[in-house]
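Notes for the one structure printed next.
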Amino acid sequence: MLLKRGLRISLIALGLVAAGGFIDRLQAHIVPAERLHPIAESHRRLVFALNLNPIPWDMVGDDLATLFPGGVTKSARAALEAGIEAESSAQRRAAAQQLLDEATRSVTGLLAATLEEGKKHIEDYGKASAALETARQIWASFEPAVQATDPIAFRRLGQCWLLMSSSLGSPGILDLGAVAPDARTFREEAEEVIAYVRGSFSGITTQRSSRLAALPTLSETFDPQAQPPVQLPPGHDINKQLPRPRQVLNMAERGVDEGETALIALGDMAFDSSFIFGEPARSLAISCNTCHNKSMTNPGFFIPGLSVRPGGLDVSNAFFAPHANNGVFDPLDIPDLRGIRFTAPYGRNGRFGSLREFTRNVIVNEFNGPEPSPLLLDGLIAYMLEFDFLPNPLLEADGTLSADAPASAKRGEVIFNRPFEAMAGRSCASCHIPSDHFLDRRSHDLGSVAGSGDDSRDGALDTPTLLSSSTSGPYFHDGSQPTLESVVRWFDQHYGLALGAAEIVDLVTYLETVGGGVDAYEDTIYTLDAELEEFSFFLSTFELLDARGERDLIDTTLRTVALELRAHKWDVQDAQYLPLLEEMASLMDSAIQANLEGDTARVRERVAEYRERYQENAEVLR
């Protein structure tokens with residue numbers, strides 16, 4: 001059997017190698033959504049959801065309906081109701097454990113039944129191959145966990161799936177070239193898979209942590225020291241938008257080369273680095289730039305269970321930083337960071353007086369990072385203080401519209417400054433003061449936030465700037481207003497402003513004009529040359545860190561360049577340069593190892609070699 005397996009697997013592997021170029025190319029930094037069978041998708045999402053606090057029970061209920069095609073069992077329904085009504089964390093935890101156990105048992109049963117269907121119809125190529133394909137897709141529910149925690153069984157089961165596929169035979173073409181199925185092999189391999197999934201999954205384990213996970217704990221080869229992989233739920237999107245936002249740095253506008261500003265370059269690197277965060281953000285390659293792409297908001301960012309709509313995230317959750325979880329689902333719209341040096345205080349409710357305090361909180365209490373070094377924070381702050389608003393020739397220095405602004409916008413400006421009796425004589429400009437970057441640096445309760453109690457006063461939110469806002473939707477603290485028009489209509493209805501249809505159009509035009517700017521996005525989707533130039537900036541901080549003996553920050557810098565280079569190398573327009581880009585990444589790997597070993601001379605050599613390769617090939621690496 002082993003000889004037969006080895007021969008067949010070698011033949012199948014030839015086909016995979018032949019297709020390798022195509023498969024490899026899919027690893028570009030814009031990662032397509034993983035396509036899963038509804039069963040696998042719901043099971044993976046359920047595992048994720050049941051580890052949150054609070055648990056999104058509506059989402060759990062929807063996924064349970066998928067995982068029990070014949071109807072949710074009484075015991076699972078009872079566990080769901082118990083979880084919804086739980087008054088303590090222990091009760092909620094017990095309900096979540098039971099639900100995951102029930103769901104996992106259902107999935108193993110569905111997978112086994114599908115393979116049994118394939119065995120039953122092995123003489124019918126169409127039915128047998130369809131059953132095998134469905135079973136293989138359902139197996140994706142468990143595949144990552146088995147690969148990580150039971151690698152011996154994973155390799156054995158991989159052989160089972162390959163042999164089942166090869167034993168199906170072939171119907172041929174026009175009755176020619178038909179190959180009879182190998183029914184015996186198919187049944188033997190199918191039974192081995194069925195025996196494994198039915199016999200190995202206990203449904204629940206809390207291996208070395210408090211997280212629930214469906215693991216093959218009853219397998220003889222299960223490794224109890226192994227950790228299941230960190231995964232975001234199906235349906236997530238953490239890709240950065242393309243075309244890429246145009247970043248306006250004040251220093252660059254003044255003609256300063258970032259490569260000559262070591263502290264700012266350090267901050268640029270840190271802003272793009274997942275290594276300043278802790279787990280699981282680090283393993284997921286999430287950085288500040290993931291949410292604030294080139295200092296702008298990322299409108300597509302979405303994680304089921306943590307986001308209610310794209311462009312937002314519950315930043316005090318049990319997934320990224322359990323120690324800072326507040327037990328409330330309170331997703332916030334991702335803020336635009338352009339012009340951030342002008343927009344204090346920070347946080348949607350203005351709870352942070354300084355940008356430094358706000359930034360430290362993001363690292364430590366939102367993404368579970370270690371306490372950042374003072375130099376790292378110095379760099380981050382120096383870099384973010386260079387973020388500028390988009391240049392807007394339709395605005396004068398005092399915030400009034402220029403003579404070139406549209407007539408509708410000028411009429412809207414009058415409405416914007418009009419005192420409204422329904423707002424106690426205040427105007428829009430009372431809070432969004434045009435001469436002070438369209439903000440007043442205060443917090444106000446507009447009635448858009450549900451307080452913690454009937455008489456609570458916790459609904460006050462920091463006044464946001466209107467500058468560069470046309471490209472930073474959705475709006476409001478929770479992203480509940482998709483457009484500037486919907487914002488105007490909300491105020492009109494909530495405060496009874498009695499605006500006419502024409503006035504709404506004019507006011508929206510005014511806001512769009514104020515919030516606009518020149519060239520909000522780059523005019524190309526090809527970004528490799530720009531990214532490589534930025535990686536060069538990252539490394540320009542090396543001499544500063546080397547002189548100060550900052551080996552930890554050197555490690556972070558080198559790892560960030562290597563990771564980002566491997567993510568972006570697939571954007572190269574001429575594939576013949578892929579080996580060169582990989583060579584450059586390998587130079588960073590070698591420098592990382594040398595830095596760990598304390599071999600500073602070799603680190604300097606590898607950094608110099610990287611710079612030489614880049615300078616020699618900068619014109620062709622596009």
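Residues in the structure tokens are numbered from 1 in each chain, the chains being A, B, ... in the order shown, and ligands are numbered from 1 in the order shown.
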ask   = How would you write, as a list of chain:residue names, the set of residues in stretch 388-429 of chain A that DSSP gives as helix (DSSP H, G or I)?
value =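 So, restricting stretch 388-429 of chain A to helix (DSSP H, G or I), we get A:Ala407, A:Ser408, A:Ala409, A:Lys410, A:Arg411, A:Gly412, A:Glu413, A:Val414, A:Ile415, A:Phe416, A:Glu421, A:Ala422, A:Met423, A:Cys428, A:Ala429.
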Mind dumping a table of every stretch 222-334 of chain A residue within 8 Å of stretch 547-567 of chain A, with the nearest atom pair and its distance in Å to one decimal, using only C-alpha atoms, sorted by chain and rising number, as a tab-separated table?
residue	atom	partner	partner_atom	distance
A:Met269	CA	A:Thr557	CA	6.6
A:Ala270	CA	A:Thr557	CA	7.7
A:Asp272	CA	A:Thr560	CA	7.6
A:Ser273	CA	A:Thr560	CA	5.5
A:Ser274	CA	A:Thr560	CA	7.5
A:Phe275	CA	A:Thr556	CA	6.1
A:Ile276	CA	A:Thr556	CA	7.5
Would you mind exporting the chosen residues as a short mmCIF file (atom, residue, chain, number, x, y, z; two decimals), in the first residue's frame, restricted to C-alpha atoms?
data_model
loop_
_atom_site.label_atom_id
_atom_site.label_comp_id
_atom_site.auth_asym_id
_atom_site.auth_seq_id
_atom_site.Cartn_x
_atom_site.Cartn_y
_atom_site.Cartn_z
CA MET A 269 8.72 51.72 9.24
CA ALA A 270 6.85 51.23 12.52
CA ASP A 272 3.91 49.69 8.35
CA SER A 273 5.14 47.03 10.77
CA SER A 274 3.02 44.28 12.33
CA PHE A 275 5.98 43.51 14.60
CA ILE A 276 5.23 46.43 16.92
#
inquiry  = Need the shell around A:Glu396: protein/DNA/RNA residues with any atom at most 12 Å away, counting only C-alpha atoms. Skip same-chain ones fewer than 3 positions apart. Format as a PyMOL selection string?
reply    = chain A and resi 391-393+399-405+434-435+437+514
File of the preceding selection, C-alpha atoms, as an mmCIF file, in the first residue's frame:
data_model
loop_
_atom_site.group_PDB
_atom_site.id
_atom_site.type_symbol
_atom_site.label_atom_id
_atom_site.label_comp_id
_atom_site.auth_asym_id
_atom_site.auth_seq_id
_atom_site.Cartn_x
_atom_site.Cartn_y
_atom_site.Cartn_z
ATOM 1 C CA PRO A 391 -4.307 70.394 -0.772
ATOM 2 C CA ASN A 392 -7.562 72.163 -1.563
ATOM 3 C CA PRO A 393 -7.370 75.245 -3.825
ATOM 4 C CA GLY A 399 -11.429 78.217 5.869
ATOM 5 C CA THR A 400 -13.748 80.270 3.686
ATOM 6 C CA LEU A 401 -14.440 79.218 0.129
ATOM 7 C CA SER A 402 -12.305 80.699 -2.611
ATOM 8 C CA ALA A 403 -13.748 82.593 -5.564
ATOM 9 C CA ASP A 404 -13.410 79.471 -7.719
ATOM 10 C CA ALA A 405 -15.758 77.376 -5.578
ATOM 11 C CA PRO A 434 -13.706 77.029 9.535
ATOM 12 C CA SER A 435 -10.765 79.092 10.751
ATOM 13 C CA HIS A 437 -9.465 73.310 10.681
ATOM 14 C CA VAL A 514 -14.539 71.600 1.927
#
message = I'd like the contact shell of A:Pro345 - 12 Å cut-off, only C-alpha atoms, skipping same-chain residues fewer than 6 positions apart - returned as an MDAnalysis selection string.
response = chainID A and resid 351:358 439:443 461:465
Selection above as a file: N, CA and C atoms, as a PDB file, in the first residue's frame:
ATOM      1  N   ARG A 351     -10.862  61.125  24.494  1.00  0.00           N
ATOM      2  CA  ARG A 351     -10.355  60.743  25.820  1.00  0.00           C
ATOM      3  C   ARG A 351      -8.841  60.845  25.955  1.00  0.00           C
ATOM      4  N   PHE A 352      -8.123  61.042  24.835  1.00  0.00           N
ATOM      5  CA  PHE A 352      -6.671  61.146  24.907  1.00  0.00           C
ATOM      6  C   PHE A 352      -6.240  62.556  24.531  1.00  0.00           C
ATOM      7  N   GLY A 353      -5.555  63.202  25.454  1.00  0.00           N
ATOM      8  CA  GLY A 353      -5.125  64.563  25.205  1.00  0.00           C
ATOM      9  C   GLY A 353      -3.923  64.648  24.298  1.00  0.00           C
ATOM     10  N   SER A 354      -3.077  63.614  24.305  1.00  0.00           N
ATOM     11  CA  SER A 354      -1.858  63.672  23.502  1.00  0.00           C
ATOM     12  C   SER A 354      -1.833  62.553  22.471  1.00  0.00           C
ATOM     13  N   LEU A 355      -1.198  62.820  21.340  1.00  0.00           N
ATOM     14  CA  LEU A 355      -1.057  61.822  20.290  1.00  0.00           C
ATOM     15  C   LEU A 355      -0.179  60.676  20.754  1.00  0.00           C
ATOM     16  N   ARG A 356       0.788  60.974  21.592  1.00  0.00           N
ATOM     17  CA  ARG A 356       1.682  59.931  22.099  1.00  0.00           C
ATOM     18  C   ARG A 356       0.907  58.933  22.967  1.00  0.00           C
ATOM     19  N   GLU A 357       0.066  59.442  23.840  1.00  0.00           N
ATOM     20  CA  GLU A 357      -0.743  58.578  24.706  1.00  0.00           C
ATOM     21  C   GLU A 357      -1.715  57.747  23.872  1.00  0.00           C
ATOM     22  N   PHE A 358      -2.326  58.374  22.880  1.00  0.00           N
ATOM     23  CA  PHE A 358      -3.261  57.680  22.000  1.00  0.00           C
ATOM     24  C   PHE A 358      -2.555  56.557  21.240  1.00  0.00           C
ATOM     25  N   LEU A 439     -12.974  72.403  13.335  1.00  0.00           N
ATOM     26  CA  LEU A 439     -13.267  71.708  14.593  1.00  0.00           C
ATOM     27  C   LEU A 439     -13.154  72.690  15.749  1.00  0.00           C
ATOM     28  N   ASP A 440     -13.659  72.274  16.907  1.00  0.00           N
ATOM     29  CA  ASP A 440     -13.622  73.146  18.079  1.00  0.00           C
ATOM     30  C   ASP A 440     -12.885  72.511  19.249  1.00  0.00           C
ATOM     31  N   ARG A 441     -12.353  71.284  19.035  1.00  0.00           N
ATOM     32  CA  ARG A 441     -11.573  70.569  20.052  1.00  0.00           C
ATOM     33  C   ARG A 441     -12.401  70.300  21.313  1.00  0.00           C
ATOM     34  N   ARG A 442     -13.690  70.077  21.126  1.00  0.00           N
ATOM     35  CA  ARG A 442     -14.576  69.757  22.243  1.00  0.00           C
ATOM     36  C   ARG A 442     -15.372  68.505  21.928  1.00  0.00           C
ATOM     37  N   SER A 443     -16.053  68.001  22.926  1.00  0.00           N
ATOM     38  CA  SER A 443     -16.932  66.846  22.757  1.00  0.00           C
ATOM     39  C   SER A 443     -18.372  67.288  22.948  1.00  0.00           C
ATOM     40  N   LEU A 461     -19.107  62.987  21.877  1.00  0.00           N
ATOM     41  CA  LEU A 461     -18.095  62.588  20.906  1.00  0.00           C
ATOM     42  C   LEU A 461     -17.257  63.790  20.502  1.00  0.00           C
ATOM     43  N   ASP A 462     -15.993  63.514  20.198  1.00  0.00           N
ATOM     44  CA  ASP A 462     -15.072  64.547  19.757  1.00  0.00           C
ATOM     45  C   ASP A 462     -15.505  65.095  18.396  1.00  0.00           C
ATOM     46  N   THR A 463     -15.433  66.394  18.200  1.00  0.00           N
ATOM     47  CA  THR A 463     -15.779  67.002  16.921  1.00  0.00           C
ATOM     48  C   THR A 463     -14.739  66.628  15.873  1.00  0.00           C
ATOM     49  N   PRO A 464     -15.146  65.994  14.770  1.00  0.00           N
ATOM     50  CA  PRO A 464     -14.175  65.636  13.730  1.00  0.00           C
ATOM     51  C   PRO A 464     -13.977  66.792  12.759  1.00  0.00           C
ATOM     52  N   THR A 465     -12.783  66.865  12.181  1.00  0.00           N
ATOM     53  CA  THR A 465     -12.548  67.858  11.137  1.00  0.00           C
ATOM     54  C   THR A 465     -13.306  67.473   9.875  1.00  0.00           C
TER      55      THR A 465
END
With stretch 411-427 of chain A as the partner and 12 Å as the cut-off, tabulate the residues of stretch 490-596 of chain A that qualify, each row holding the nearest pair of atoms and their distance in Å to one decimal, using only C-alpha atoms, sorted by chain and rising number, as CSV.
residue,atom,partner,partner_atom,distance
A:Phe491,CA,A:Met423,CA,10.0
A:Asp492,CA,A:Ala422,CA,9.8
A:Gln493,CA,A:Ala422,CA,10.9
A:His494,CA,A:Ala422,CA,9.8
A:Tyr495,CA,A:Ala422,CA,6.0
A:Gly496,CA,A:Ala422,CA,6.4
A:Leu497,CA,A:Ala422,CA,6.2
A:Ala498,CA,A:Ala422,CA,9.3
A:Leu499,CA,A:Ile415,CA,9.3
A:Gly500,CA,A:Ile415,CA,11.1
A:Ala502,CA,A:Gly412,CA,9.6
A:Glu503,CA,A:Gly412,CA,7.0
A:Ile504,CA,A:Gly412,CA,8.1
A:Val505,CA,A:Gly412,CA,8.0
A:Asp506,CA,A:Gly412,CA,4.4
A:Leu507,CA,A:Gly412,CA,4.0
A:Val508,CA,A:Gly412,CA,7.2
A:Thr509,CA,A:Gly412,CA,6.8
A:Tyr510,CA,A:Gly412,CA,5.0
A:Leu511,CA,A:Gly412,CA,8.0
A:Glu512,CA,A:Gly412,CA,10.3
A:Thr513,CA,A:Gly412,CA,9.9
A:Val514,CA,A:Glu413,CA,9.5
query = Looking at A:Phe154, A:Phe271, A:Tyr526, A:Phe329, which one is nearest to A:Asn53, with distances taken over only C-alpha atoms?
reply =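 Distance minimum relative to A:Asn53 lands on A:Phe329.
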A:Thr527 environment, 10 Å, only C-alpha atoms, sequence neighbours closer than 6 positions dropped, as an mmCIF file with C-alpha atoms, in the first residue's frame:
data_model
loop_
_atom_site.group_PDB
_atom_site.id
_atom_site.type_symbol
_atom_site.label_atom_id
_atom_site.label_comp_id
_atom_site.auth_asym_id
_atom_site.auth_seq_id
_atom_site.Cartn_x
_atom_site.Cartn_y
_atom_site.Cartn_z
ATOM 1 C CA LEU A 242 -6.298 50.188 -4.709
ATOM 2 C CA PRO A 243 -5.686 52.625 -6.271
ATOM 3 C CA ARG A 244 -3.598 53.628 -3.290
ATOM 4 C CA HIS A 568 4.784 43.151 -2.651
ATOM 5 C CA ASP A 571 3.401 43.166 -8.088
ATOM 6 C CA VAL A 572 6.497 43.190 -10.300
ATOM 7 C CA ARG A 622 8.425 48.170 -11.219
#
task = Report the distance between atom CA of A:Ala148 and atom CA of A:Phe222 in Å, rounded to one decimal place.
result = 9.5 Å
query = Near A:Arg611, within 9 Å and counting only C-alpha atoms, which residues show up once chain neighbours fewer than 6 positions away are dropped, as JSON, numbers by chain?
reply = {"A": [536, 539, 584]}
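The closest residue to A:Gln247, picked from A:Leu390, A:Ala324, A:Ala195, A:Cys431 and counting only C-alpha atoms, is A:Leu390.
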